[in-house]
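One structure below.
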Amino acid sequence: MENQELRKAGLKVTLPRIKILQILENADHRHMSAEDVYKALMDADEDVGLATVYRVLTQFENAGLVVRHNFDGGHSVFELAQGNHHDHMVCVESGRIVEFCDEDIEKLQKQIAEKHGYDLVDHSLVLYVKPKTQK
């Protein structure tokens, strides 16, 4: 499967690309930094350098296989491009990322763009949250 995905994206099939794609596909968390991918490769006794991980993730991004997110905190995280739109909540205390989709928010964003004389072509919504405190 990985070979077909790489070829379809116009990328040559190489062992590092296959291994990195497998890590992303089998990850417990959908959002992984380059360092997370590198650590997973090291845990699996794969000999792929950190510079290669960065290069391959950038190639995957350019080919449309992954989406890069730059949440507050300064580092990028990557997720496989699944074609389904969703927004994100990032916990400011734990760094946990929650995906969600809300039709009311989607409609409201389109209405706001139209109200100002625009057609909405794309958007990115990130909510920064913290756990509710018990009262």
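By convention here, the chains of the structure tokens are called A, B, ... in the order presented, each chain's residues are numbered starting at 1, and ligands are numbered starting at 1 in the order presented.
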Could you write out, as a ChimeraX atom specification, all the residues of chain A that DSSP marks as helix (DSSP H, G or I)? /A:2-8,15-26,34-43,50-63,103-115
Near Asp72 of chain A, counting only C-alpha atoms, which residues have an atom at most 12 Å away, once you skip same-chain residues fewer than 5 positions from it, shown as number ranges by chain? A: 77, 89-93, 95, 97, 126-129
State, in Å with one decimal place, the distance from atom CA of Gly49 of chain A to atom CA of His69 of chain A.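 According to the coordinates, atom CA of Gly49 of chain A and atom CA of His69 of chain A are separated by 22.0 Å.
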If we count only C-alpha atoms and set the cut-off at 12 Å, which residues sit around His85 of chain A, ignoring sequence neighbours fewer than 3 positions away in its own chain? Please answer as a list in words.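 These residues fall inside the cut-off: Val67, Ala81, Gln82, His88, Glu99, Phe100, Cys101, Asp102, Glu103, Glu106, Asp122, His123, Ser124 and Leu125 of chain A.
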Prev. selection, N, CA, C and O atoms, output as a compact mmCIF listing (two decimals), in the first residue's frame:
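Everything below was put into selection-v2.txt:
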# COMPACT_ATOMS: atom_id res chain seq x y z
N VAL A 67 -0.19 16.87 6.01
CA VAL A 67 -0.48 18.28 6.26
C VAL A 67 0.36 18.70 7.45
O VAL A 67 0.43 17.99 8.45
N ALA A 81 -2.72 13.35 5.21
CA ALA A 81 -3.80 14.07 4.52
C ALA A 81 -4.87 13.05 4.16
O ALA A 81 -4.67 12.21 3.30
N GLN A 82 -5.99 13.12 4.85
CA GLN A 82 -7.07 12.15 4.65
C GLN A 82 -8.19 12.71 3.78
O GLN A 82 -9.11 12.00 3.45
N HIS A 88 -9.08 21.99 14.98
CA HIS A 88 -8.29 21.46 16.09
C HIS A 88 -8.48 22.28 17.36
O HIS A 88 -8.66 23.49 17.31
N GLU A 99 -9.21 16.73 17.49
CA GLU A 99 -9.82 17.09 16.21
C GLU A 99 -11.33 17.16 16.39
O GLU A 99 -11.91 16.37 17.13
N PHE A 100 -11.95 18.11 15.70
CA PHE A 100 -13.41 18.20 15.74
C PHE A 100 -13.91 18.83 14.46
O PHE A 100 -13.18 19.50 13.73
N CYS A 101 -15.18 18.60 14.19
CA CYS A 101 -15.86 19.25 13.07
C CYS A 101 -17.23 19.67 13.57
O CYS A 101 -17.93 18.90 14.22
N ASP A 102 -17.58 20.91 13.29
CA ASP A 102 -18.87 21.44 13.74
C ASP A 102 -19.52 22.18 12.58
O ASP A 102 -18.99 23.19 12.11
N GLU A 103 -20.65 21.66 12.13
CA GLU A 103 -21.33 22.25 10.97
C GLU A 103 -21.76 23.69 11.21
O GLU A 103 -21.74 24.51 10.29
N GLU A 106 -18.76 25.85 10.62
CA GLU A 106 -18.47 25.89 9.18
C GLU A 106 -19.41 26.86 8.47
O GLU A 106 -18.97 27.69 7.66
N ASP A 122 -10.81 28.44 1.90
CA ASP A 122 -10.14 27.53 2.83
C ASP A 122 -10.03 28.22 4.18
O ASP A 122 -10.16 29.45 4.26
N HIS A 123 -9.79 27.46 5.21
CA HIS A 123 -9.55 28.06 6.51
C HIS A 123 -8.86 27.06 7.43
O HIS A 123 -8.84 25.86 7.16
N SER A 124 -8.33 27.60 8.48
CA SER A 124 -7.72 26.79 9.52
C SER A 124 -8.17 27.38 10.85
O SER A 124 -7.97 28.56 11.12
N LEU A 125 -8.80 26.54 11.67
CA LEU A 125 -9.28 27.00 12.96
C LEU A 125 -8.60 26.17 14.05
O LEU A 125 -8.66 24.94 14.04
Counting only C-alpha atoms, which residues in segment 58-83 of chain A sit no more than 10 Å from segment 16-28 of chain A? For each one, give the nearest pair of atoms and the distance in Å, sorted by chain then residue number, as JSON lines.
{"residue": "A:Gln59", "atom": "CA", "partner": "A:Arg17", "partner_atom": "CA", "distance": 9.4}
{"residue": "A:Phe60", "atom": "CA", "partner": "A:Arg17", "partner_atom": "CA", "distance": 8.8}
{"residue": "A:Leu65", "atom": "CA", "partner": "A:Leu21", "partner_atom": "CA", "distance": 9.0}
{"residue": "A:Val66", "atom": "CA", "partner": "A:Leu24", "partner_atom": "CA", "distance": 9.1}
{"residue": "A:Phe78", "atom": "CA", "partner": "A:Leu24", "partner_atom": "CA", "distance": 8.6}
{"residue": "A:Glu79", "atom": "CA", "partner": "A:Leu24", "partner_atom": "CA", "distance": 7.3}
{"residue": "A:Leu80", "atom": "CA", "partner": "A:Leu24", "partner_atom": "CA", "distance": 6.8}
May I ask for the distance between atom CA of Leu41 of chain A and atom CA of Gln4 of chain A, given in Å to one decimal place? 21.3 Å
Enter the distance from atom CA of Ser33 of chain A to atom CA of Val53 of chain A, in Å, rounded to one decimal.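 Straight-line distance from atom CA of Ser33 of chain A to atom CA of Val53 of chain A works out to 9.9 Å.
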Kindly indicate which residue among A:Lys8, A:Gln134, A:Ser76, A:Glu46 lies nearest to Thr58 of chain A, using only C-alpha atoms for the distances.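 Of all the options, A:Ser76 lies closest to Thr58 of chain A.
If only C-alpha atoms are the atoms counted, then among A:His31, A:Gly117, A:Thr133, A:Leu11 the closest residue to Asn70 of chain A is A:His31.
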Nearest residue to Arg96 of chain A out of A:Met32, A:Met42, A:Leu50, A:Leu57, using only C-alpha atoms?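 Smallest separation from Arg96 of chain A among the options: A:Met32.
Of the listed residues A:Lys107, A:Leu15, A:Val121, A:Tyr54, the one whose atoms come nearest to Arg68 of chain A is A:Tyr54, with distances taken using only C-alpha atoms.
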